[in-house]
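Containing mmCIF, C-alpha atoms: data.cif.
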data_data
#
loop_
_atom_site.label_atom_id
_atom_site.label_comp_id
_atom_site.auth_asym_id
_atom_site.auth_seq_id
_atom_site.Cartn_x
_atom_site.Cartn_y
_atom_site.Cartn_z
CA MET A 191 0.00 0.00 0.00
CA ALA A 192 1.03 3.56 -0.61
CA VAL A 193 0.71 6.50 1.69
CA THR A 194 -0.63 9.53 -0.13
CA THR A 195 -1.52 12.66 1.77
CA ALA A 196 -3.71 15.53 0.66
CA ALA A 197 -3.57 18.70 2.71
CA LEU A 198 -5.43 21.98 2.54
CA THR A 199 -4.87 25.29 4.24
CA ILE A 200 -7.24 28.22 3.98
CA SER A 201 -6.30 31.48 5.64
CA SER A 202 -7.50 35.03 5.76
CA SER A 203 -6.87 37.86 8.14
CA ASP A 204 -9.73 40.05 6.97
CA LEU A 205 -12.62 37.85 5.82
CA VAL A 206 -14.23 37.72 9.25
CA GLY A 207 -13.64 39.46 12.56
CA ASP A 208 -11.11 36.89 13.72
CA ALA A 209 -8.34 35.51 11.58
CA LEU A 210 -9.33 32.42 9.62
CA SER A 211 -6.75 29.67 9.72
CA LEU A 212 -7.98 26.29 8.59
CA THR A 213 -5.62 23.37 8.12
CA THR A 214 -6.64 19.83 7.31
CA SER A 215 -5.08 16.75 5.79
CA ASN A 216 -6.03 13.19 5.14
CA THR A 217 -4.45 10.01 3.91
CA LEU A 218 -6.09 8.65 0.79
CA ASN A 219 -7.43 5.20 1.58
CA LYS A 220 -9.43 2.58 -0.23
CA VAL A 221 -13.15 2.54 0.45
CA GLY A 222 -13.99 2.11 4.13
CA SER A 223 -10.52 0.99 5.09
CA THR A 224 -7.13 2.20 6.24
CA VAL A 225 -5.39 0.68 3.25
CA GLY A 226 -3.81 3.34 1.08
CA ILE A 227 -4.88 3.97 -2.50
CA ASP A 228 -2.21 2.63 -4.80
CA GLN A 229 -3.09 3.75 -8.34
CA THR A 230 -3.08 7.02 -10.22
CA THR A 231 -3.50 8.37 -13.72
CA GLY A 232 -0.43 10.50 -13.16
CA MET A 233 -0.39 14.24 -13.52
CA SER A 234 -1.54 15.48 -16.90
CA VAL A 235 -0.38 18.82 -18.21
CA VAL A 236 -2.82 19.85 -20.91
CA TYR A 237 -3.14 22.75 -23.36
CA LEU A 238 -6.63 23.18 -24.78
CA THR A 239 -7.37 25.37 -27.78
CA ALA A 240 -11.10 24.88 -28.17
CA THR A 241 -14.12 25.57 -26.00
CA THR A 242 -15.46 22.09 -26.62
CA ASN A 243 -16.44 19.99 -23.60
CA ILE A 244 -13.87 17.25 -23.04
CA ASP A 245 -13.98 14.11 -20.92
CA VAL A 246 -11.17 14.63 -18.40
CA PHE A 247 -10.77 10.95 -17.56
CA PRO A 248 -12.06 9.04 -20.61
CA THR A 249 -11.12 5.57 -19.46
CA LEU A 250 -14.50 4.55 -18.12
CA ILE A 251 -16.12 1.91 -20.27
CA GLU A 252 -19.74 2.32 -21.28
CA GLY A 253 -21.80 -0.38 -19.64
CA SER A 254 -19.24 -1.15 -16.97
CA LEU A 255 -19.20 0.32 -13.50
CA ALA A 256 -16.27 -1.61 -12.14
CA PHE A 257 -15.06 1.30 -10.09
CA GLN A 258 -18.36 2.86 -9.09
CA ASP A 259 -18.33 3.89 -5.45
CA LYS A 260 -14.66 3.09 -5.08
CA ALA A 261 -12.30 5.73 -3.73
CA SER A 262 -11.23 8.15 -6.43
CA TRP A 263 -9.86 11.64 -5.93
CA VAL A 264 -9.71 14.31 -8.56
CA TYR A 265 -7.49 17.39 -8.75
CA ILE A 266 -7.94 19.95 -11.53
CA CYS A 267 -6.19 23.30 -11.74
CA ASN A 268 -6.72 26.11 -14.24
CA LYS A 269 -3.18 27.37 -14.82
CA SER A 270 -4.29 30.45 -16.74
CA THR A 271 -2.94 33.73 -15.41
CA ASP A 272 -5.83 35.65 -16.94
CA ALA A 273 -8.47 36.17 -14.26
CA THR A 274 -11.26 36.25 -16.84
CA GLU A 275 -10.48 32.83 -18.32
CA PHE A 276 -12.35 29.98 -16.73
CA ALA A 277 -13.21 26.35 -17.22
CA THR A 278 -16.67 24.99 -16.56
CA ILE A 279 -16.52 21.68 -14.71
CA THR A 280 -19.44 19.28 -15.00
CA ILE A 281 -20.29 15.86 -13.67
CA SER A 282 -22.82 13.75 -15.54
CA GLY A 283 -23.68 16.88 -17.47
CA ASN A 284 -24.50 18.87 -14.35
CA VAL A 285 -22.38 21.96 -13.76
CA ILE A 286 -20.35 21.87 -10.55
CA GLY A 287 -18.60 25.18 -10.94
CA ARG A 288 -16.17 27.38 -12.76
CA LEU A 289 -12.43 27.33 -12.21
CA TYR A 290 -11.10 30.81 -12.93
CA GLY A 291 -7.43 31.50 -13.59
CA GLY A 292 -5.40 29.96 -10.76
CA ASP A 293 -8.35 28.14 -9.16
CA PHE A 294 -8.18 24.45 -8.30
CA LEU A 295 -10.50 21.74 -7.06
CA TRP A 296 -10.04 18.61 -5.00
CA MET A 297 -13.04 16.34 -4.83
CA PRO A 298 -14.04 12.72 -4.34
CA TRP A 299 -15.46 10.97 -7.38
CA SER A 300 -17.95 8.12 -7.15
CA GLN A 301 -18.07 7.40 -10.87
CA SER A 302 -21.75 6.73 -10.40
CA GLU A 303 -24.22 6.31 -13.22
CA ASP A 304 -25.93 9.62 -13.83
CA SER A 305 -29.43 10.17 -12.48
CA ALA A 306 -30.95 10.22 -15.96
CA ALA A 307 -29.37 6.83 -16.73
CA GLU A 308 -27.72 8.17 -19.84
CA ASN A 309 -24.65 6.06 -19.10
CA LEU A 310 -22.39 9.03 -18.52
CA HIS A 311 -21.06 7.07 -15.54
CA GLY A 312 -20.21 10.17 -13.62
CA ASP A 313 -18.06 11.62 -16.36
CA ILE A 314 -16.15 14.68 -15.24
CA GLU A 315 -15.98 17.12 -18.12
CA LEU A 316 -14.22 20.42 -18.65
CA ALA A 317 -14.95 23.24 -21.09
CA PRO A 318 -12.51 26.16 -21.47
CA SER A 319 -14.09 29.59 -21.81
CA VAL A 320 -11.79 30.67 -24.63
CA ALA A 321 -10.22 29.00 -27.65
CA THR A 322 -7.03 31.01 -27.51
CA GLY A 323 -5.27 28.37 -25.45
CA MET A 324 -5.52 27.49 -21.78
CA TRP A 325 -3.25 25.30 -19.64
CA PHE A 326 -4.58 22.81 -17.13
CA ASP A 327 -3.16 20.26 -14.70
CA TRP A 328 -5.16 17.29 -13.54
CA ILE A 329 -4.66 14.00 -11.79
CA CYS A 330 -6.84 11.20 -10.46
CA VAL A 331 -5.63 9.14 -7.50
CA ASN A 332 -7.82 6.06 -7.27
CA GLU A 333 -8.40 2.43 -6.49
CA GLY A 334 -8.31 1.42 -10.12
CA THR A 335 -8.94 2.42 -13.69
CA GLU A 336 -10.74 0.35 -16.29
CA TYR A 337 -9.24 0.79 -19.73
CA PRO A 338 -11.14 0.24 -22.98
CA ASP A 339 -10.32 -2.89 -24.96
CA ALA A 340 -8.13 -2.33 -27.99
CA ALA A 341 -10.80 -4.01 -30.09
CA MET B 89 -12.66 42.86 -0.36
CA ALA B 90 -10.85 40.23 1.65
CA THR B 91 -7.73 38.23 0.92
CA ILE B 92 -8.33 34.50 1.21
CA ASN B 93 -5.51 32.10 0.42
CA ALA B 94 -6.10 28.41 -0.26
CA THR B 95 -3.24 25.95 -0.68
CA LEU B 96 -3.44 22.31 -1.65
CA THR B 97 -0.54 19.93 -1.13
CA LEU B 98 -0.49 16.39 -2.46
CA SER B 99 2.40 14.16 -1.51
CA SER B 100 3.46 10.53 -1.48
CA GLY B 101 6.80 8.87 -1.13
CA ASP B 102 5.71 5.48 -2.41
CA LEU B 103 2.73 5.83 -4.77
CA LEU B 104 5.19 6.18 -7.64
CA THR B 105 8.88 5.38 -7.94
CA SER B 106 9.48 9.10 -8.01
CA ASN B 107 8.24 11.21 -5.15
CA LEU B 108 4.88 12.81 -5.70
CA ALA B 109 5.00 16.24 -4.18
CA PHE B 110 3.22 19.26 -5.46
CA SER B 111 1.57 22.28 -3.99
CA VAL B 112 -0.74 24.83 -5.54
CA ALA B 113 -1.89 28.10 -4.03
CA SER B 114 -4.82 30.24 -5.03
CA THR B 115 -6.22 33.54 -3.87
CA LEU B 116 -9.99 33.34 -3.93
CA SER B 117 -11.35 36.11 -6.13
CA THR B 118 -14.69 37.07 -7.56
CA ALA B 119 -15.51 35.84 -11.05
CA GLY B 120 -13.16 37.21 -13.68
CA THR B 121 -11.46 39.75 -11.42
CA ALA B 122 -8.59 40.11 -8.97
CA THR B 123 -10.99 41.31 -6.29
CA GLY B 124 -11.11 38.95 -3.35
CA LEU B 125 -14.23 37.13 -2.27
CA SER B 126 -15.72 38.89 0.71
CA LYS B 127 -18.59 36.71 1.91
CA THR B 128 -18.76 33.42 3.76
CA SER B 129 -21.21 31.19 5.54
CA GLY B 130 -18.61 30.81 8.27
CA LEU B 131 -17.04 27.55 9.31
CA ALA B 132 -19.89 25.30 10.39
CA ARG B 133 -20.34 21.88 11.95
CA THR B 134 -23.55 20.01 11.17
CA ASN B 135 -24.69 16.85 12.88
CA PHE B 136 -26.58 14.17 11.00
CA THR B 137 -28.55 11.80 13.21
CA ASN B 138 -31.68 10.51 11.54
CA ASN B 139 -33.39 7.15 11.47
CA PRO B 140 -34.13 6.44 8.70
CA ILE B 141 -31.29 8.22 6.92
CA GLN B 142 -32.29 11.61 5.55
CA SER B 143 -30.53 13.97 3.20
CA LYS B 144 -29.93 17.62 3.93
CA ILE B 145 -29.59 20.50 1.54
CA LEU B 146 -26.38 22.05 2.77
CA TYR B 147 -26.27 25.06 0.46
CA ARG B 148 -29.07 26.42 -1.68
CA SER B 149 -28.23 28.04 -4.99
CA ASP B 150 -30.43 30.97 -4.07
CA ASP B 151 -27.96 31.84 -1.32
CA ALA B 152 -24.95 32.57 -3.54
CA LYS B 153 -24.29 34.47 -6.73
CA SER B 154 -25.22 32.55 -9.85
CA ASN B 155 -22.13 31.69 -11.91
CA GLY B 156 -19.98 33.30 -9.26
CA ALA B 157 -16.55 32.08 -8.23
CA ASN B 158 -18.04 30.50 -5.12
CA LYS B 159 -16.06 27.77 -3.31
CA ILE B 160 -17.16 25.01 -0.96
CA TYR B 161 -15.12 23.21 1.70
CA LEU B 162 -16.40 19.96 3.22
CA LYS B 163 -14.89 17.55 5.73
CA ASN B 164 -16.19 14.33 7.29
CA LEU B 165 -15.31 14.54 10.99
CA SER B 166 -16.03 10.87 11.68
CA THR B 167 -13.17 8.70 12.92
CA THR B 168 -14.81 5.44 11.81
CA ALA B 169 -13.27 4.47 8.49
CA ALA B 170 -16.44 2.94 7.09
CA GLU B 171 -18.65 5.98 7.70
CA TYR B 172 -19.13 8.38 4.83
CA PHE B 173 -21.15 11.23 3.42
CA THR B 174 -22.31 11.16 -0.19
CA VAL B 175 -22.13 14.57 -1.84
CA PHE B 176 -24.68 15.44 -4.51
CA ILE B 177 -25.05 18.46 -6.75
CA ASP B 178 -28.76 18.50 -7.51
CA GLN B 179 -29.45 14.83 -8.35
CA GLU B 180 -25.95 13.93 -9.49
CA GLU B 181 -23.63 12.10 -7.13
CA MET B 182 -20.19 13.69 -7.01
CA GLY B 183 -18.44 11.43 -4.54
CA ARG B 184 -18.11 10.05 -1.05
CA LEU B 185 -16.26 11.59 1.85
CA TYR B 186 -15.06 8.85 4.21
CA ALA B 187 -13.80 9.51 7.72
CA GLY B 188 -11.34 12.38 7.68
CA ASP B 189 -11.79 13.09 3.97
CA TRP B 190 -12.19 16.65 2.78
CA ALA B 191 -13.07 18.37 -0.48
CA PHE B 192 -12.70 21.86 -1.89
CA PHE B 193 -14.41 22.74 -5.15
CA PRO B 194 -16.00 25.60 -7.10
CA TRP B 195 -19.76 26.06 -7.16
CA THR B 196 -21.78 27.85 -9.83
CA ALA B 197 -24.91 28.11 -7.70
CA VAL B 198 -27.17 28.55 -10.70
CA GLY B 199 -30.56 29.36 -9.27
CA GLY B 200 -33.99 28.50 -10.56
CA THR B 201 -37.08 30.66 -10.67
CA LYS B 202 -38.99 31.65 -7.57
CA GLU B 203 -42.77 31.44 -7.60
CA THR B 204 -44.41 34.84 -7.40
CA PHE B 205 -47.90 36.30 -7.24
CA ILE B 206 -49.75 39.48 -6.34
CA ALA B 207 -52.48 39.59 -3.69
CA THR B 208 -54.68 42.66 -4.05
CA ILE B 209 -56.69 43.64 -1.01
CA GLY B 210 -60.12 44.88 -2.06
CA GLY B 211 -63.77 45.17 -1.20
CA THR B 212 -65.09 46.60 2.01
CA TRP B 213 -63.28 45.69 5.22
CA VAL B 214 -64.30 46.04 8.82
CA ALA B 215 -61.65 46.60 11.47
CA GLY B 216 -61.02 43.30 13.27
CA GLU B 217 -61.54 41.07 10.25
CA THR B 218 -58.71 38.66 9.59
CA TRP B 219 -56.62 37.53 6.63
CA GLU B 220 -54.48 34.40 6.81
CA PHE B 221 -51.87 32.82 4.54
CA ASP B 222 -48.75 30.68 5.03
CA GLY B 223 -49.59 30.36 8.73
CA VAL B 224 -49.57 34.10 9.26
CA LEU B 225 -52.71 35.80 10.63
CA VAL B 226 -53.28 39.51 10.06
CA THR B 227 -56.06 41.41 11.81
CA ALA B 228 -57.25 44.50 9.97
CA ALA B 229 -56.55 47.57 12.07
CA ASP B 230 -58.91 49.75 10.05
CA THR B 231 -61.01 49.74 6.86
CA THR B 232 -58.47 51.11 4.39
CA VAL B 233 -57.29 48.43 1.96
CA ALA B 234 -53.87 50.05 1.47
CA ASN B 235 -53.33 50.02 5.21
CA ILE B 236 -54.28 46.34 5.42
CA ALA B 237 -51.86 45.58 2.56
CA THR B 238 -49.17 47.43 4.48
CA GLN B 239 -49.96 45.35 7.56
CA ILE B 240 -49.57 42.16 5.51
CA ASN B 241 -46.29 43.38 4.06
CA GLY B 242 -45.05 44.04 7.58
CA GLU B 243 -45.33 40.40 8.56
CA ASN B 244 -42.54 37.81 8.25
CA PHE B 245 -43.75 34.86 6.19
CA PRO B 246 -41.97 31.49 6.58
CA ASN B 247 -41.89 30.77 2.85
CA TRP B 248 -42.29 34.16 1.19
CA THR B 249 -40.87 37.64 1.02
CA THR B 250 -43.14 40.59 0.21
CA THR B 251 -43.27 44.09 -1.18
CA VAL B 252 -46.26 46.41 -1.24
CA SER B 253 -47.64 49.03 -3.60
CA GLY B 254 -50.95 50.56 -2.60
CA ALA B 255 -53.34 47.68 -1.96
CA ALA B 256 -51.22 45.15 -3.86
CA VAL B 257 -48.79 42.89 -2.04
CA THR B 258 -46.27 41.01 -4.18
CA PHE B 259 -45.20 37.67 -2.77
CA THR B 260 -41.97 35.98 -3.86
CA ALA B 261 -41.01 32.50 -2.70
CA ARG B 262 -37.90 32.31 -0.56
CA HIS B 263 -36.60 29.31 -2.51
CA SER B 264 -36.71 28.19 -6.12
CA VAL B 265 -38.68 24.98 -6.14
CA ASP B 266 -40.84 23.17 -8.65
CA THR B 267 -44.47 23.70 -7.80
CA GLY B 268 -45.78 21.42 -10.53
CA THR B 269 -48.82 22.82 -12.25
CA VAL B 270 -50.27 24.50 -9.18
CA VAL B 271 -49.63 28.09 -8.22
CA THR B 272 -50.94 30.00 -5.27
CA ALA B 273 -54.58 31.00 -5.80
CA THR B 274 -57.14 33.29 -4.23
CA ALA B 275 -58.63 30.33 -2.40
CA ASP B 276 -55.37 29.78 -0.52
CA MET B 277 -55.99 32.93 1.49
CA VAL B 278 -58.56 32.77 4.25
CA ILE B 279 -60.55 35.86 5.15
CA VAL B 280 -62.82 35.78 8.16
CA GLN B 281 -65.46 38.45 7.73
CA THR B 282 -67.72 40.05 10.26
CA GLY B 283 -70.76 42.22 9.90
CA GLY B 284 -71.58 41.29 6.32
CA SER B 285 -68.58 42.95 4.69
CA ASP B 286 -67.28 41.87 1.27
CA ALA B 287 -63.56 41.91 2.01
CA THR B 288 -61.45 40.28 -0.70
CA SER B 289 -57.86 39.24 -1.38
CA VAL B 290 -57.55 38.41 -5.06
CA VAL B 291 -54.49 36.67 -6.44
CA SER B 292 -53.19 37.63 -9.86
CA SER B 293 -50.01 37.36 -11.93
CA ALA B 294 -49.15 34.03 -10.33
CA ALA B 295 -46.12 32.37 -11.91
CA MET B 296 -44.76 28.92 -11.13
CA GLY B 297 -41.35 28.33 -9.71
CA VAL B 298 -38.62 26.25 -11.32
CA ALA B 299 -36.18 24.28 -9.19
CA THR B 300 -32.47 24.94 -9.24
CA THR B 301 -30.02 22.34 -10.51
CA SER B 302 -27.16 23.34 -8.26
CA ASP B 303 -28.17 22.78 -4.65
CA ILE B 304 -25.54 20.93 -2.63
CA MET B 305 -27.12 17.94 -0.88
CA ILE B 306 -25.48 15.61 1.64
CA VAL B 307 -26.52 12.08 2.62
CA PRO B 308 -24.89 10.29 5.56
CA SER B 309 -24.19 6.55 5.41
CA VAL B 310 -25.33 5.81 8.95
CA VAL B 311 -28.28 6.60 11.19
CA THR B 312 -26.00 7.15 14.17
CA THR B 313 -24.37 10.47 14.90
CA ILE B 314 -21.95 11.77 12.30
CA ASP B 315 -20.66 15.31 11.84
CA LEU B 316 -19.76 17.31 8.75
CA GLU B 317 -17.61 20.42 8.81
CA HIS B 318 -18.32 22.84 5.99
CA MET B 319 -17.78 26.37 4.77
CA LEU B 320 -18.97 28.41 1.80
CA PHE B 321 -16.95 31.25 0.32
CA ASN B 322 -19.18 33.23 -2.01
CA GLU B 323 -19.76 36.41 -3.93
#

Would you mind writing the file out in C-alpha cells?
Amino acid sequence: MAVTTAALTISSSDLVGDALSLTTSNTLNKVGSTVGIDQTTGMSVVYLTATTNIDVFPTLIEGSLAFQDKASWVYICNKSTDATEFATITISGNVIGRLYGGDFLWMPWSQSEDSAAENLHGDIELAPSVATGMWFDWICVNEGTEYPDAA
Amino acid sequence: MATINATLTLSSGDLLTSNLAFSVASTLSTAGTATGLSKTSGLARTNFTNNPIQSKILYRSDDAKSNGANKIYLKNLSTTAAEYFTVFIDQEEMGRLYAGDWAFFPWTAVGGTKETFIATIGGTWVAGETWEFDGVLVTAADTTVANIATQINGENFPNWTTTVSGAAVTFTARHSVDTGTVVTATADMVIVQTGGSDATSVVSSAAMGVATTSDIMIVPSVVTTIDLEHMLFNE
C-alpha cells in the first residue's frame, strides 16, 4: 500500500472578525478501510485550444461500472494567469462550478451512473471559456482504472 | 474585499517510484477579477442523526451568486473508516467523503425561478376582520385596503418575502422549487369576515417556480451520529 496525503490550508486575516486559519489533511485510503490507495492516472499537463467539452478521464467503459463507489480523488487546476479565463466543470452533465485563472478543485469521485441513466457514468468534463489556449493540470488518485479494450 | 488564500498539497513517497509532491496556491477572487471574495457562511459543523437516513440541503443556490466564483469546503469529521457522506449536486452524485476526507471545489450556484404572485386587497373591510396565509394571521386595524396591505407586508412569512404598492402585495417565494402545475390562488388565502362585509384578497399574476439544478445535498451513510464540517466562500 502507498501512503498519499492531501492537505489543505485556507487562511485570511480580513474575511471575518477573527483571523481564519484552517488546516486539514487526510491520507487517501481505499473505500472504508485504512489501506492506502495505490493507483493514479499521473499528472496530466494539458493545453486546450477549443471551448469544446472534453472528458477529463475518458477511461471509463460504457456499460461497466467496475469502479463505481470506489475511492477516487480528482485534482484539476486552471493554470491560466488571466483572471477572466475559466473552465466549466461538469459531472454527468451537471455543472459543478467554474475554475477561474489559478483556481483548483479537490473532490471525491464516485463514478456513479448519472441520475438520468444516460450512461455518462459520472463523467467529469471540462470546457474552457476561450479557444485562444488554456493550460490545465489534472490527476486522479484512485483504487483502479478500467481501460477500454483495444478491439 | 478580503484576501483569502487556499493551498493544496499532495504528496506521497511510495505511490510512484518518483516522489509525488506538489503544492498549488490560489487567492480566492470574484468571477473574472482580482478582487477577493468577501462573503462566507462561516465555518460550520452540522450533525446528521436521523433514522431512517435523511438527506440535507447544505447550500441552496439561491444563497450565492449565480455563476460566481463560489467555493465550498467539506470535511467528514467521523473517525470510523467505514462511515461516509455522499455529496450530490442536484441529483448527481459527485463522490463520497469517508472519515477524515475533505473536499474543496467551485460552485456555480445557478438558481432556478422563484414562484411569485400578487395579492390585491379589495372590497369593504371592517376593522377586526382577519386575513391568513402561510400560517400568518393579520387582523385589519382599520377599513383602508392600502393600510391592510401594508400590515400584511409588515409580517414575516416562513416561505415568502413581500413588497407592497398601494393595496397590492407582491409575494416571492424564498426558494426556487418546482411547484408542478399548481400556483398559489385566491382560495389559498382565508378571510374571516364580520358584519356582512365583502372583504377580498384576489391573487393575480401568479407564476410557477422552477427548481435549481445546483443545490448541494449531503446524505450520511449511517443513522447514528456523524458530523460534517463545511464552509462556503461566495460572492

12 Å contact set for Trp263 of chain A, all atoms listed in the file, chain neighbours under 3 positions out, as a VMD selection string
(chain A and resid 194 to 196 216 to 221 227 to 232 247 259 to 260 266 295 to 301 314 328 to 334) or (chain B and resid 98 182 to 186 189 to 192)

In terms of only C-alpha atoms, the residue from B:Thr134, B:Thr208, B:Thr274, B:Ser289 at minimal distance from Thr251 of chain B is B:Thr208

Given all atoms listed in the file as the basis, pick out the residue of B:Phe221, B:Trp213, B:Phe205, B:Phe321 nearest to chain A.
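That would be B:Phe321, the residue with the smallest distance to chain A.
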
To one decimal place in Å, what is the distance between atom CA of Asn158 of chain B and atom CA of Trp195 of chain B?
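We find that atom CA of Asn158 of chain B and atom CA of Trp195 of chain B lie 5.2 Å from each other.
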
Residues of chain B that have any atom at most 6 Å from an atom of chain A: could you tabulate them with the shortest-distance atom pair and the distance in Å to one decimal, using all atoms listed in the file, ordered by chain and increasing number, as CSV?
residue,atom,partner,partner_atom,distance
B:Ala90,CA,A:Leu205,CA,5.1
B:Thr91,CA,A:Ser202,CA,5.8
B:Ile92,CA,A:Ser202,CA,4.7
B:Asn93,CA,A:Ser201,CA,5.3
B:Ala94,CA,A:Ile200,CA,4.4
B:Thr95,CA,A:Thr199,CA,5.2
B:Leu96,CA,A:Leu198,CA,4.7
B:Thr97,CA,A:Ala197,CA,5.0
B:Leu98,CA,A:Ala196,CA,4.6
B:Ser99,CA,A:Thr195,CA,5.3
B:Ser100,CA,A:Thr194,CA,4.4
B:Asp102,CA,A:Ala192,CA,5.4
B:Leu103,CA,A:Ala192,CA,5.0
B:Ser114,CA,A:Gly292,CA,5.8
B:Gly120,CA,A:Thr274,CA,3.8
B:Thr121,CA,A:Ala273,CA,5.5
B:Ala169,CA,A:Gly222,CA,5.0
B:Ala170,CA,A:Gly222,CA,3.9
B:Glu180,CA,A:Ser305,CA,5.9
B:Met182,CA,A:Trp299,CA,5.5
B:Gly183,CA,A:Trp299,CA,4.1
B:Arg184,CA,A:Pro298,CA,5.9
B:Gly188,CA,A:Asn216,CA,5.9
B:Asp189,CA,A:Asn216,CA,5.9
B:Ala191,CA,A:Met297,CA,4.8
B:Phe192,CA,A:Trp296,CA,5.2
B:Phe193,CA,A:Leu295,CA,4.5
B:Pro194,CA,A:Gly287,CA,4.7
B:Trp195,CA,A:Gly287,CA,4.1
B:Thr196,CA,A:Gly287,CA,4.3

Mind telling me what the PyMOL selection byres ((chain B and resi 234) around 9) catches here, as a ChimeraX atom specification?
/B:209-210,231-233,235-239,252-256

With the file shown as input, list the residues that the PyMOL selection byres ((chain A and resi 240) around 12) selects, as a ChimeraX atom specification.
/A:237-239,241-244,277,316-325

Grab all the atoms of segment 138-141 of chain B that the file lists, wrap them in a box along x, y and z, add 8 Å per side, and give me centre plus edge lengths in Å (one decimal) as JSON.
{"center_x": -32.7, "center_y": 8.5, "center_z": 9.2, "size_x": 18.8, "size_y": 20.1, "size_z": 20.6}

Dump as a list in words all residues having an atom at most 7 Å from (-33.6, 29.4, -11.5), computed in the file's coordinates with only C-alpha atoms.
Val198, Gly199, Gly200, Thr201, Ser264, Val298, Ala299 and Thr300 of chain B

Under the rule that all atoms listed in the file are counted, which of B:Met277, B:Val291, B:Met319, B:Val270 is the nearest residue to Gly223 of chain B?
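Looking at the shortest contact to Gly223 of chain B, the residue is B:Met277.
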
One decimal, Å: what's the distance from atom CA of Thr118 of chain B over to atom CA of Ala157 of chain B, could you say?
5.4 Å

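Considering the residues B:Ala287, B:Ala275, B:Ala229, B:Ala207 and counting all atoms listed in the file, Thr258 of chain B has its shortest atom-to-atom contact with B:Ala207.
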
Ala228 of chain B: which residues within 6 Å, counting only C-alpha atoms, same-chain residues fewer than 3 positions away excluded, as a PDB file with C-alpha atoms, keeping the file's coordinate frame?
ATOM      1  CA  ALA B 215     -61.650  46.600  11.470  1.00  0.00           C
ATOM      2  CA  GLY B 216     -61.020  43.300  13.270  1.00  0.00           C
ATOM      3  CA  GLU B 217     -61.540  41.070  10.250  1.00  0.00           C
ATOM      4  CA  ILE B 236     -54.280  46.340   5.420  1.00  0.00           C
TER       5      ILE B 236
END

If we count only C-alpha atoms, what is near segment 240-244 of chain B at a cut-off of 9 Å, once residues fewer than 6 positions away on the same chain are taken out, given as a ChimeraX atom specification?
/B:219,224-226,250-252,257-259
